[in-house]
Amino acid sequence: MVRLTREAIDHTRLTEDVRRDHCGAVVTFLGTVRDLTGDRTTLALDYEAYPDMALKKLEEIEQDTRSRWPVGDIILEHRLGHLDVGDISVAVAVSCPHRHQAFDACRHAIDRLKEFVPIWKKENWADGTTEWVHPGT
Amino acid sequence: MVRLTREAIDHTRLTEDVRRDHCGAVVTFLGTVRDLTGDRTTLALDYEAYPDMALKKLEEIEQDTRSRWPVGDIILEHRLGHLDVGDISVAVAVSCPHRHQAFDACRHAIDRLKEFVPIWKKENWADGTTEWVHPGT
Amino acid sequence: MRVLLFARARDLAGAEAIEVDLPANATVGDLRASLPKLCPRIAGLVERSAIAVNNEYAADTTLLPAAAEVALVPPVSGG
Amino acid sequence: MRVLLFARARDLAGAEAIEVDLPANATVGDLRASLPKLCPRIAGLVERSAIAVNNEYAADTTLLPAAAEVALVPPVSGG
């Protein structure tokens with residue numbers, strides 16, 4: 001399952017929802033808003049998506065991950081809107097029969113998400129300026 | 001922090017307790033009691049520890065993990081006693097500034113735990129028999 | 001053809017979309033070449049951005065369908 | 001010297017510990033060799049087990065301290 005949400009991400013629910021009796025391993029990844037990026041201080045982030053395409057790409061990542069590992073269940077959820085330091089911006093929860101499968105599957109899913117899902121963040125720096133983050137530009 | 005407990009493991013608390021503002025990544029691993037091992041059906045597991053040594057070895061794993069990655073915080077918790085299918089037997093939660101650090105640190109900690117922490121499980125098979133699990137014997 | 005803009009591209013253009021007139025049989029590459037002319041401020045970003053056609057990343061050689069949802073997708077930074 | 005037993009070793013021996021008499025300057029290896037004589041049922045498991053001295057895995061060449069907590073540690077299966 002994949003979701004975009006403007007509400008706080010409930011990692012308890014994600015983790016519980018992927019648990020399965022035939023899966024001995026659950027790995028949950030949370031991405032949270034850091035207070036520092038390099039030596040600059042972040043006050044908040046604003047996340048924006050191209051929603052239809054983002055959901056399509058998230059679904060592709062779910063299917064790709066399921067095709068590579070024996071996934072019991074997987075949930076990818078990304079938050080949009082204004083996030084404060086410490087808030088959860090993204091969560092991926094995966095269950096698999098064995099632990100290395102669950103680690104590899106979860107890492108694969110978040111790596112792909114960061115690679116090509118059309119979501120962007122805008123830094124709100126402590127000096128009052130803001131800046132969209134577009135790696136490589 | 002490391003813990004042995006006879007109560008249900010509260011993964012929400014573990015995950016929340018390791019979150020830090022300077023850490024953009026949290027990885028939580030849960031080991032749960034599977035209903036099948038190979039083609040045999042498990043009804044329940046009994047976990048037993050050599051408690052003093054197990055705590056010492058868990059603390060060594062915590063320190064070793066902190067020495068290898070920039071860990072914000074890490075909690076290793078193992079449950080003892082009688083567990084039903086689906087129950088959480090072990091949980092490791094780790095926060096780090098970046099996600100690959102958190103994945104590597106969490107996987108390292110659970111791999112080491114399974115390698116040398118003196119804890120044992122007894123299978124309660126569906127056919128009514130029980131069997132201590134000692135890999136290689 | 002309407003091209004959706006996001007993030008810095010939207011801020012620079014001051015608009016959620018740009019209208020682009022392209023001949024029949026135009027490609028994604030033709031669209032890419034036309035954007036800096038219509039909106040010089042986004043020229044640098046266009047070079048580094050992908051173009052999505054109907055929610056799929058499209059190569060510059062792709063022919064633009066007659067009715068398609070088209071978007072400029074700057075380098076992503078979700079997660 | 002008292003040797004703590006766990007898991008299958010405890011079940012096989014029917015006891016939480018075995019008392020072993022060893023000469024001064026005995027090693028972990030000497031202890032390992034004496035256990036199957038005192039409790040033949042655990043002979044096979046002793047071969048595959050570690051010996052812990054004061055909560056630390058000990059090599060067979062280690063001298064046993066006079067006052068130490070000693071345990072037979074069968075292959076672990078936690079997690």
# chains A, B, ... in the order shown; residues from 1 in each chain; ligands from 1
$ interface_residues --of "chain B" --to "chain D" --cutoff "9 Å" --atoms "only C-alpha atoms" --output "compact mmCIF listing (two decimals) with N, CA, C and O atoms, in the first residue's frame"
# COMPACT_ATOMS: atom_id res chain seq x y z
N GLY B 31 11.80 -8.90 15.35
CA GLY B 31 11.75 -10.34 15.10
C GLY B 31 10.48 -10.87 15.73
O GLY B 31 10.19 -10.59 16.89
N THR B 32 9.69 -11.61 14.94
CA THR B 32 8.40 -12.12 15.45
C THR B 32 8.35 -13.64 15.28
O THR B 32 9.07 -14.21 14.46
N TYR B 47 11.50 -18.74 25.26
CA TYR B 47 12.85 -18.18 25.23
C TYR B 47 13.43 -18.16 26.63
O TYR B 47 12.76 -17.78 27.60
N GLU B 48 14.69 -18.58 26.70
CA GLU B 48 15.43 -18.57 27.96
C GLU B 48 16.77 -17.89 27.73
O GLU B 48 17.34 -18.00 26.65
N ALA B 49 17.27 -17.22 28.75
CA ALA B 49 18.57 -16.55 28.63
C ALA B 49 19.47 -16.96 29.79
O ALA B 49 18.99 -17.42 30.83
N TYR B 50 20.75 -16.75 29.59
CA TYR B 50 21.71 -16.69 30.69
C TYR B 50 21.79 -15.19 30.97
O TYR B 50 22.55 -14.47 30.31
N ASP B 52 22.72 -12.58 33.04
CA ASP B 52 23.83 -11.65 33.26
C ASP B 52 24.74 -11.57 32.04
O ASP B 52 25.15 -10.49 31.60
N MET B 53 25.04 -12.75 31.49
CA MET B 53 25.92 -12.75 30.32
C MET B 53 25.21 -12.16 29.10
O MET B 53 25.83 -11.45 28.29
N ALA B 54 23.93 -12.46 28.96
CA ALA B 54 23.18 -11.91 27.82
C ALA B 54 23.18 -10.38 27.87
O ALA B 54 23.41 -9.71 26.86
N LYS B 56 25.39 -8.48 29.34
CA LYS B 56 26.76 -8.02 29.06
C LYS B 56 27.03 -8.05 27.55
O LYS B 56 27.59 -7.10 26.99
N LYS B 57 26.61 -9.12 26.89
CA LYS B 57 26.86 -9.23 25.44
C LYS B 57 26.01 -8.21 24.67
O LYS B 57 26.48 -7.63 23.67
N HIS B 78 15.11 -7.87 24.18
CA HIS B 78 14.75 -9.26 23.88
C HIS B 78 13.75 -9.75 24.91
O HIS B 78 13.91 -9.50 26.09
N SER B 89 9.66 -11.19 19.53
CA SER B 89 10.68 -11.77 20.41
C SER B 89 11.84 -10.82 20.63
O SER B 89 12.48 -10.86 21.68
N VAL B 90 12.15 -10.01 19.64
CA VAL B 90 13.31 -9.12 19.75
C VAL B 90 13.03 -7.84 18.95
O VAL B 90 12.32 -7.88 17.93
N ALA B 91 13.58 -6.74 19.42
CA ALA B 91 13.45 -5.48 18.69
C ALA B 91 14.76 -4.71 18.82
O ALA B 91 15.39 -4.71 19.87
N ILE B 110 21.48 -6.68 15.09
CA ILE B 110 20.67 -7.91 15.17
C ILE B 110 21.47 -9.12 14.70
O ILE B 110 21.33 -10.22 15.24
N ASP B 111 22.36 -8.92 13.73
CA ASP B 111 23.20 -10.05 13.29
C ASP B 111 24.10 -10.52 14.43
O ASP B 111 24.24 -11.72 14.66
N LEU B 113 23.60 -10.05 17.63
CA LEU B 113 22.75 -10.63 18.69
C LEU B 113 22.49 -12.10 18.41
O LEU B 113 22.62 -12.94 19.31
N LYS B 114 22.15 -12.41 17.19
CA LYS B 114 21.83 -13.80 16.86
C LYS B 114 23.07 -14.69 16.86
O LYS B 114 22.97 -15.91 16.93
N GLU B 115 24.22 -14.06 16.76
CA GLU B 115 25.47 -14.82 16.66
C GLU B 115 25.97 -15.28 18.03
O GLU B 115 26.42 -16.41 18.17
N PHE B 116 25.90 -14.39 19.04
CA PHE B 116 26.59 -14.79 20.27
C PHE B 116 25.93 -14.38 21.59
O PHE B 116 26.54 -14.59 22.65
N VAL B 117 24.74 -13.83 21.57
CA VAL B 117 24.09 -13.53 22.85
C VAL B 117 23.45 -14.81 23.40
O VAL B 117 22.69 -15.46 22.69
N PRO B 118 23.78 -15.20 24.65
CA PRO B 118 23.30 -16.48 25.18
C PRO B 118 21.81 -16.47 25.52
O PRO B 118 21.42 -16.28 26.66
N ILE B 119 21.02 -16.64 24.47
CA ILE B 119 19.57 -16.78 24.56
C ILE B 119 19.21 -17.96 23.67
O ILE B 119 19.83 -18.16 22.62
N TRP B 120 18.22 -18.74 24.14
CA TRP B 120 17.84 -19.94 23.40
C TRP B 120 16.33 -19.99 23.29
O TRP B 120 15.61 -19.53 24.17
N LYS B 121 15.88 -20.62 22.19
CA LYS B 121 14.44 -20.80 22.04
C LYS B 121 14.12 -22.29 21.98
O LYS B 121 14.89 -23.09 21.45
N LYS B 122 12.96 -22.61 22.53
CA LYS B 122 12.44 -23.98 22.48
C LYS B 122 11.20 -23.98 21.61
O LYS B 122 10.25 -23.24 21.88
N GLU B 131 11.34 -28.82 21.44
CA GLU B 131 12.72 -29.03 21.03
C GLU B 131 13.51 -27.75 21.20
O GLU B 131 13.17 -26.71 20.62
N TRP B 132 14.56 -27.79 22.02
CA TRP B 132 15.46 -26.65 22.10
C TRP B 132 16.21 -26.49 20.79
O TRP B 132 16.67 -27.49 20.21
N VAL B 133 16.36 -25.27 20.35
CA VAL B 133 17.04 -25.01 19.08
C VAL B 133 18.50 -24.66 19.37
O VAL B 133 18.79 -23.65 20.02
N HIS B 134 19.39 -25.54 18.90
CA HIS B 134 20.83 -25.30 19.02
C HIS B 134 21.45 -25.51 17.65
O HIS B 134 21.80 -26.62 17.29
N PRO B 135 21.57 -24.43 16.87
CA PRO B 135 22.04 -24.58 15.48
C PRO B 135 23.34 -25.38 15.40
O PRO B 135 24.26 -25.17 16.20
N GLY B 136 23.37 -26.30 14.46
CA GLY B 136 24.58 -27.10 14.26
C GLY B 136 24.59 -28.39 15.06
O GLY B 136 25.51 -29.20 14.90
N THR B 137 23.62 -28.59 15.94
CA THR B 137 23.59 -29.83 16.72
C THR B 137 22.47 -30.72 16.20
O THR B 137 21.56 -30.26 15.53
$ interface_residues --of "chain A" --to "chain B" --cutoff "10 Å" --atoms "only C-alpha atoms" --output "ChimeraX atom specification"
/A:10-13,15-16,19-37,85-95,97-100,102-104,106-107,110-111
$ residues_around --residues "Asp46 in chain A" --least-positions-apart "2" --cutoff "8 Å" --atoms "only C-alpha atoms" --output "VMD selection string"
chain A and resid 44 48 80 to 83 121 to 124
$ residues_around --residues "Leu63 in chain C" --least-positions-apart "5" --cutoff "10 Å" --atoms "only C-alpha atoms" --output "NGL selection string"
:C and (24-30 or 53 or 58)
$ calpha_fit_and_write --fixed "chain D" --moving "chain C" --output "tab-separated table (two decimals) with N, CA, C and O atoms, in the first residue's frame"
chain	number	residue	atom	x	y	z
C	1	MET	N	33.80	-27.03	41.58
C	1	MET	CA	33.36	-25.91	40.75
C	1	MET	C	31.97	-26.21	40.20
C	1	MET	O	31.70	-27.32	39.75
C	2	ARG	N	31.11	-25.17	40.23
C	2	ARG	CA	29.74	-25.32	39.79
C	2	ARG	C	29.64	-24.81	38.35
C	2	ARG	O	30.10	-23.71	38.05
C	3	VAL	N	29.05	-25.61	37.47
C	3	VAL	CA	28.91	-25.22	36.06
C	3	VAL	C	27.43	-25.09	35.74
C	3	VAL	O	26.67	-26.06	35.84
C	4	LEU	N	27.02	-23.87	35.36
C	4	LEU	CA	25.61	-23.61	35.05
C	4	LEU	C	25.24	-24.25	33.72
C	4	LEU	O	26.02	-24.26	32.77
C	5	LEU	N	24.02	-24.79	33.68
C	5	LEU	CA	23.52	-25.42	32.46
C	5	LEU	C	22.28	-24.67	31.96
C	5	LEU	O	21.47	-24.19	32.76
C	6	PHE	N	22.12	-24.63	30.65
C	6	PHE	CA	20.96	-23.96	30.06
C	6	PHE	C	20.36	-24.80	28.93
C	6	PHE	O	21.04	-25.64	28.34
C	7	ALA	N	19.10	-24.51	28.66
C	7	ALA	CA	18.41	-25.02	27.48
C	7	ALA	C	18.47	-26.54	27.41
C	7	ALA	O	18.18	-27.22	28.40
C	8	ARG	N	18.88	-27.11	26.28
C	8	ARG	CA	18.84	-28.57	26.15
C	8	ARG	C	19.77	-29.25	27.15
C	8	ARG	O	19.47	-30.36	27.63
C	9	ALA	N	20.89	-28.59	27.45
C	9	ALA	CA	21.83	-29.19	28.42
C	9	ALA	C	21.16	-29.34	29.78
C	9	ALA	O	21.31	-30.37	30.44
C	10	ARG	N	20.42	-28.34	30.18
C	10	ARG	CA	19.72	-28.42	31.47
C	10	ARG	C	18.66	-29.52	31.44
C	10	ARG	O	18.53	-30.29	32.39
C	11	ASP	N	17.91	-29.58	30.33
C	11	ASP	CA	16.88	-30.63	30.24
C	11	ASP	C	17.50	-32.02	30.26
C	11	ASP	O	17.00	-32.93	30.94
C	12	LEU	N	18.60	-32.20	29.51
C	12	LEU	CA	19.23	-33.53	29.44
C	12	LEU	C	19.80	-33.93	30.79
C	12	LEU	O	19.69	-35.10	31.20
C	13	ALA	N	20.42	-32.98	31.48
C	13	ALA	CA	21.03	-33.29	32.78
C	13	ALA	C	19.99	-33.35	33.89
C	13	ALA	O	20.25	-33.94	34.95
C	14	GLY	N	18.85	-32.73	33.65
C	14	GLY	CA	17.84	-32.68	34.72
C	14	GLY	C	18.29	-31.85	35.89
C	14	GLY	O	17.87	-32.07	37.03
C	15	ALA	N	19.15	-30.86	35.63
C	15	ALA	CA	19.69	-30.04	36.71
C	15	ALA	C	20.11	-28.68	36.15
C	15	ALA	O	20.45	-28.57	34.98
C	16	GLU	N	20.11	-27.69	37.03
C	16	GLU	CA	20.50	-26.34	36.61
C	16	GLU	C	22.00	-26.14	36.64
C	16	GLU	O	22.51	-25.14	36.14
C	17	ALA	N	22.70	-27.09	37.26
C	17	ALA	CA	24.16	-26.96	37.35
C	17	ALA	C	24.76	-28.33	37.64
C	17	ALA	O	24.07	-29.23	38.13
C	18	ILE	N	26.02	-28.47	37.31
C	18	ILE	CA	26.77	-29.69	37.64
C	18	ILE	C	27.95	-29.28	38.51
C	18	ILE	O	28.59	-28.27	38.25
C	19	GLU	N	28.22	-30.09	39.53
C	19	GLU	CA	29.42	-29.86	40.34
C	19	GLU	C	30.58	-30.64	39.74
C	19	GLU	O	30.46	-31.84	39.48
C	20	VAL	N	31.69	-29.95	39.52
C	20	VAL	CA	32.85	-30.59	38.91
C	20	VAL	C	34.05	-30.37	39.83
C	20	VAL	O	34.29	-29.26	40.28
C	21	ASP	N	34.78	-31.46	40.12
C	21	ASP	CA	36.03	-31.33	40.90
C	21	ASP	C	37.20	-31.30	39.95
C	21	ASP	O	37.40	-32.25	39.18
C	22	LEU	N	37.96	-30.22	40.01
C	22	LEU	CA	39.10	-30.08	39.10
C	22	LEU	C	40.33	-29.70	39.91
C	22	LEU	O	40.22	-29.01	40.92
C	23	PRO	N	41.52	-30.19	39.49
C	23	PRO	CA	42.75	-29.82	40.19
C	23	PRO	C	43.04	-28.33	40.01
C	23	PRO	O	42.50	-27.68	39.11
C	24	ALA	N	43.86	-27.77	40.88
C	24	ALA	CA	44.33	-26.40	40.69
C	24	ALA	C	45.01	-26.31	39.32
C	24	ALA	O	45.53	-27.30	38.81
C	25	ASN	N	44.97	-25.14	38.72
C	25	ASN	CA	45.57	-24.91	37.39
C	25	ASN	C	44.88	-25.67	36.27
C	25	ASN	O	45.45	-25.84	35.20
C	26	ALA	N	43.65	-26.14	36.53
C	26	ALA	CA	42.89	-26.76	35.44
C	26	ALA	C	42.48	-25.69	34.43
C	26	ALA	O	42.33	-24.51	34.77
C	27	THR	N	42.34	-26.11	33.18
C	27	THR	CA	41.94	-25.19	32.12
C	27	THR	C	40.47	-25.42	31.75
C	27	THR	O	39.85	-26.40	32.17
C	28	VAL	N	39.98	-24.51	30.92
C	28	VAL	CA	38.64	-24.67	30.38
C	28	VAL	C	38.53	-25.99	29.62
C	28	VAL	O	37.52	-26.69	29.67
C	29	GLY	N	39.61	-26.35	28.93
C	29	GLY	CA	39.62	-27.61	28.20
C	29	GLY	C	39.50	-28.81	29.12
C	29	GLY	O	38.82	-29.79	28.81
C	30	ASP	N	40.14	-28.73	30.30
C	30	ASP	CA	40.01	-29.81	31.28
C	30	ASP	C	38.57	-29.92	31.75
C	30	ASP	O	38.03	-31.04	31.90
C	31	LEU	N	37.95	-28.78	32.00
C	31	LEU	CA	36.55	-28.79	32.40
C	31	LEU	C	35.70	-29.42	31.30
C	31	LEU	O	34.84	-30.28	31.56
C	32	ARG	N	35.94	-28.99	30.07
C	32	ARG	CA	35.16	-29.52	28.94
C	32	ARG	C	35.30	-31.05	28.87
C	32	ARG	O	34.31	-31.76	28.63
C	33	ALA	N	36.51	-31.56	29.10
C	33	ALA	CA	36.74	-33.01	29.02
C	33	ALA	C	36.06	-33.76	30.16
C	33	ALA	O	35.68	-34.93	30.01
C	34	SER	N	35.87	-33.07	31.29
C	34	SER	CA	35.30	-33.77	32.46
C	34	SER	C	33.78	-33.87	32.39
C	34	SER	O	33.19	-34.77	33.01
C	35	LEU	N	33.15	-32.94	31.68
C	35	LEU	CA	31.67	-32.89	31.71
C	35	LEU	C	31.02	-34.17	31.18
C	35	LEU	O	30.08	-34.69	31.79
C	36	PRO	N	31.47	-34.72	30.04
C	36	PRO	CA	30.81	-35.94	29.54
C	36	PRO	C	30.95	-37.11	30.48
C	36	PRO	O	30.08	-37.99	30.52
C	37	LYS	N	32.01	-37.13	31.27
C	37	LYS	CA	32.17	-38.23	32.21
C	37	LYS	C	31.15	-38.12	33.34
C	37	LYS	O	30.59	-39.11	33.80
C	38	LEU	N	30.92	-36.88	33.78
C	38	LEU	CA	29.96	-36.67	34.87
C	38	LEU	C	28.52	-36.82	34.40
C	38	LEU	O	27.65	-37.19	35.17
C	39	CYS	N	28.29	-36.50	33.12
C	39	CYS	CA	26.92	-36.53	32.61
C	39	CYS	C	26.95	-36.93	31.14
C	39	CYS	O	26.97	-36.08	30.25
C	40	PRO	N	27.00	-38.26	30.90
C	40	PRO	CA	27.17	-38.75	29.52
C	40	PRO	C	26.10	-38.23	28.55
C	40	PRO	O	26.38	-38.05	27.36
C	41	ARG	N	24.91	-37.94	29.07
C	41	ARG	CA	23.83	-37.48	28.17
C	41	ARG	C	24.15	-36.18	27.45
C	41	ARG	O	23.59	-35.91	26.39
C	42	ILE	N	24.97	-35.34	28.03
C	42	ILE	CA	25.24	-34.06	27.39
C	42	ILE	C	26.54	-34.08	26.57
C	42	ILE	O	26.97	-33.06	26.04
C	43	ALA	N	27.14	-35.29	26.42
C	43	ALA	CA	28.44	-35.38	25.74
C	43	ALA	C	28.41	-34.72	24.37
C	43	ALA	O	29.28	-33.92	24.02
C	44	GLY	N	27.40	-35.08	23.56
C	44	GLY	CA	27.34	-34.53	22.20
C	44	GLY	C	27.19	-33.02	22.21
C	44	GLY	O	27.81	-32.32	21.41
C	45	LEU	N	26.39	-32.52	23.13
C	45	LEU	CA	26.15	-31.08	23.18
C	45	LEU	C	27.38	-30.32	23.67
C	45	LEU	O	27.69	-29.22	23.19
C	46	VAL	N	28.12	-30.93	24.61
C	46	VAL	CA	29.32	-30.27	25.15
C	46	VAL	C	30.32	-29.97	24.03
C	46	VAL	O	30.93	-28.91	23.98
C	47	GLU	N	30.47	-30.96	23.13
C	47	GLU	CA	31.40	-30.77	22.00
C	47	GLU	C	31.11	-29.51	21.20
C	47	GLU	O	32.00	-28.87	20.66
C	48	ARG	N	29.81	-29.18	21.07
C	48	ARG	CA	29.38	-28.05	20.24
C	48	ARG	C	29.16	-26.78	21.03
C	48	ARG	O	28.73	-25.77	20.47
C	49	SER	N	29.38	-26.86	22.34
C	49	SER	CA	29.06	-25.70	23.19
C	49	SER	C	30.30	-24.89	23.51
C	49	SER	O	31.43	-25.39	23.43
C	50	ALA	N	30.07	-23.63	23.88
C	50	ALA	CA	31.14	-22.80	24.42
C	50	ALA	C	31.12	-22.91	25.94
C	50	ALA	O	30.14	-23.37	26.53
C	51	ILE	N	32.23	-22.54	26.55
C	51	ILE	CA	32.29	-22.42	28.00
C	51	ILE	C	32.47	-20.94	28.32
C	51	ILE	O	33.33	-20.27	27.72
C	52	ALA	N	31.64	-20.44	29.21
C	52	ALA	CA	31.78	-19.03	29.63
C	52	ALA	C	32.34	-18.97	31.03
C	52	ALA	O	31.95	-19.75	31.91
C	53	VAL	N	33.32	-18.09	31.23
C	53	VAL	CA	33.91	-17.87	32.54
C	53	VAL	C	33.68	-16.41	32.90
C	53	VAL	O	34.08	-15.50	32.15
C	54	ASN	N	32.99	-16.19	34.01
C	54	ASN	CA	32.63	-14.82	34.41
C	54	ASN	C	31.99	-14.03	33.27
C	54	ASN	O	32.37	-12.91	32.94
C	55	ASN	N	31.00	-14.68	32.64
C	55	ASN	CA	30.18	-14.05	31.59
C	55	ASN	C	30.95	-13.71	30.32
C	55	ASN	O	30.53	-12.84	29.56
C	56	GLU	N	32.08	-14.41	30.10
C	56	GLU	CA	32.86	-14.18	28.89
C	56	GLU	C	33.18	-15.52	28.25
C	56	GLU	O	33.54	-16.48	28.96
C	57	TYR	N	33.06	-15.60	26.91
C	57	TYR	CA	33.45	-16.83	26.23
C	57	TYR	C	34.93	-17.08	26.46
C	57	TYR	O	35.76	-16.17	26.35
C	58	ALA	N	35.27	-18.31	26.78
C	58	ALA	CA	36.66	-18.62	27.15
C	58	ALA	C	37.21	-19.72	26.23
C	58	ALA	O	36.51	-20.68	25.90
C	59	ALA	N	38.48	-19.54	25.85
C	59	ALA	CA	39.15	-20.56	25.03
C	59	ALA	C	39.51	-21.75	25.90
C	59	ALA	O	39.66	-21.63	27.12
C	60	ASP	N	39.68	-22.92	25.28
C	60	ASP	CA	40.00	-24.13	26.04
C	60	ASP	C	41.33	-24.02	26.77
C	60	ASP	O	41.56	-24.71	27.75
C	61	THR	N	42.19	-23.15	26.28
C	61	THR	CA	43.52	-22.99	26.92
C	61	THR	C	43.48	-22.08	28.15
C	61	THR	O	44.47	-21.99	28.88
C	62	THR	N	42.36	-21.42	28.37
C	62	THR	CA	42.26	-20.48	29.50
C	62	THR	C	42.35	-21.23	30.83
C	62	THR	O	41.69	-22.26	31.02
C	63	LEU	N	43.13	-20.70	31.77
C	63	LEU	CA	43.17	-21.26	33.12
C	63	LEU	C	41.89	-20.87	33.84
C	63	LEU	O	41.45	-19.71	33.77
C	64	LEU	N	41.31	-21.81	34.57
C	64	LEU	CA	40.09	-21.50	35.33
C	64	LEU	C	40.47	-20.77	36.61
C	64	LEU	O	41.27	-21.29	37.42
C	65	PRO	N	39.93	-19.57	36.84
C	65	PRO	CA	40.21	-18.87	38.10
C	65	PRO	C	39.65	-19.66	39.27
C	65	PRO	O	38.75	-20.49	39.10
C	66	ALA	N	40.17	-19.40	40.46
C	66	ALA	CA	39.74	-20.15	41.65
C	66	ALA	C	38.26	-19.92	41.91
C	66	ALA	O	37.49	-20.85	42.12
C	67	ALA	N	37.82	-18.67	41.89
C	67	ALA	CA	36.40	-18.37	42.11
C	67	ALA	C	35.85	-17.71	40.86
C	67	ALA	O	36.14	-16.55	40.59
C	68	ALA	N	35.11	-18.48	40.11
C	68	ALA	CA	34.57	-17.93	38.86
C	68	ALA	C	33.17	-18.47	38.66
C	68	ALA	O	32.84	-19.56	39.12
C	69	GLU	N	32.35	-17.68	37.96
C	69	GLU	CA	31.06	-18.20	37.53
C	69	GLU	C	31.28	-18.85	36.17
C	69	GLU	O	31.72	-18.20	35.23
C	70	VAL	N	30.99	-20.14	36.11
C	70	VAL	CA	31.28	-20.90	34.90
C	70	VAL	C	29.97	-21.46	34.35
C	70	VAL	O	29.11	-21.90	35.11
C	71	ALA	N	29.84	-21.42	33.01
C	71	ALA	CA	28.60	-21.91	32.39
C	71	ALA	C	28.90	-22.63	31.10
C	71	ALA	O	29.84	-22.28	30.38
C	72	LEU	N	28.08	-23.63	30.83
C	72	LEU	CA	28.10	-24.29	29.53
C	72	LEU	C	27.09	-23.55	28.64
C	72	LEU	O	25.92	-23.43	29.00
C	73	VAL	N	27.58	-23.05	27.50
C	73	VAL	CA	26.73	-22.22	26.63
C	73	VAL	C	26.52	-22.96	25.31
C	73	VAL	O	27.35	-22.89	24.40
C	74	PRO	N	25.41	-23.68	25.18
C	74	PRO	CA	25.14	-24.38	23.92
C	74	PRO	C	24.92	-23.36	22.80
C	74	PRO	O	24.68	-22.18	23.08
C	75	PRO	N	25.01	-23.80	21.54
C	75	PRO	CA	24.80	-22.87	20.41
C	75	PRO	C	23.52	-22.05	20.62
C	75	PRO	O	22.47	-22.61	20.94
C	76	VAL	N	23.65	-20.75	20.45
C	76	VAL	CA	22.55	-19.85	20.81
C	76	VAL	C	21.52	-19.79	19.69
C	76	VAL	O	21.81	-20.04	18.51
C	77	SER	N	20.31	-19.43	20.05
C	77	SER	CA	19.22	-19.34	19.08
C	77	SER	C	18.25	-18.22	19.41
C	77	SER	O	17.06	-18.30	19.12
C	78	GLY	N	18.79	-17.16	20.03
C	78	GLY	CA	17.94	-16.00	20.29
C	78	GLY	C	17.64	-15.23	19.02
C	78	GLY	O	18.16	-15.53	17.95
C	79	GLY	N	16.81	-14.22	19.18
C	79	GLY	CA	16.48	-13.38	18.04
C	79	GLY	C	15.03	-13.57	17.64
C	79	GLY	O	14.33	-14.41	18.17
$ select_by_dssp --residues "range 17-78 of chain B" --states "helix (DSSP H, G or I)" --output "JSON, numbers by chain"
{"B": [17, 18, 51, 52, 53, 54, 55, 56, 57, 58, 59, 60, 61, 62, 63, 64, 65, 66, 67, 68]}
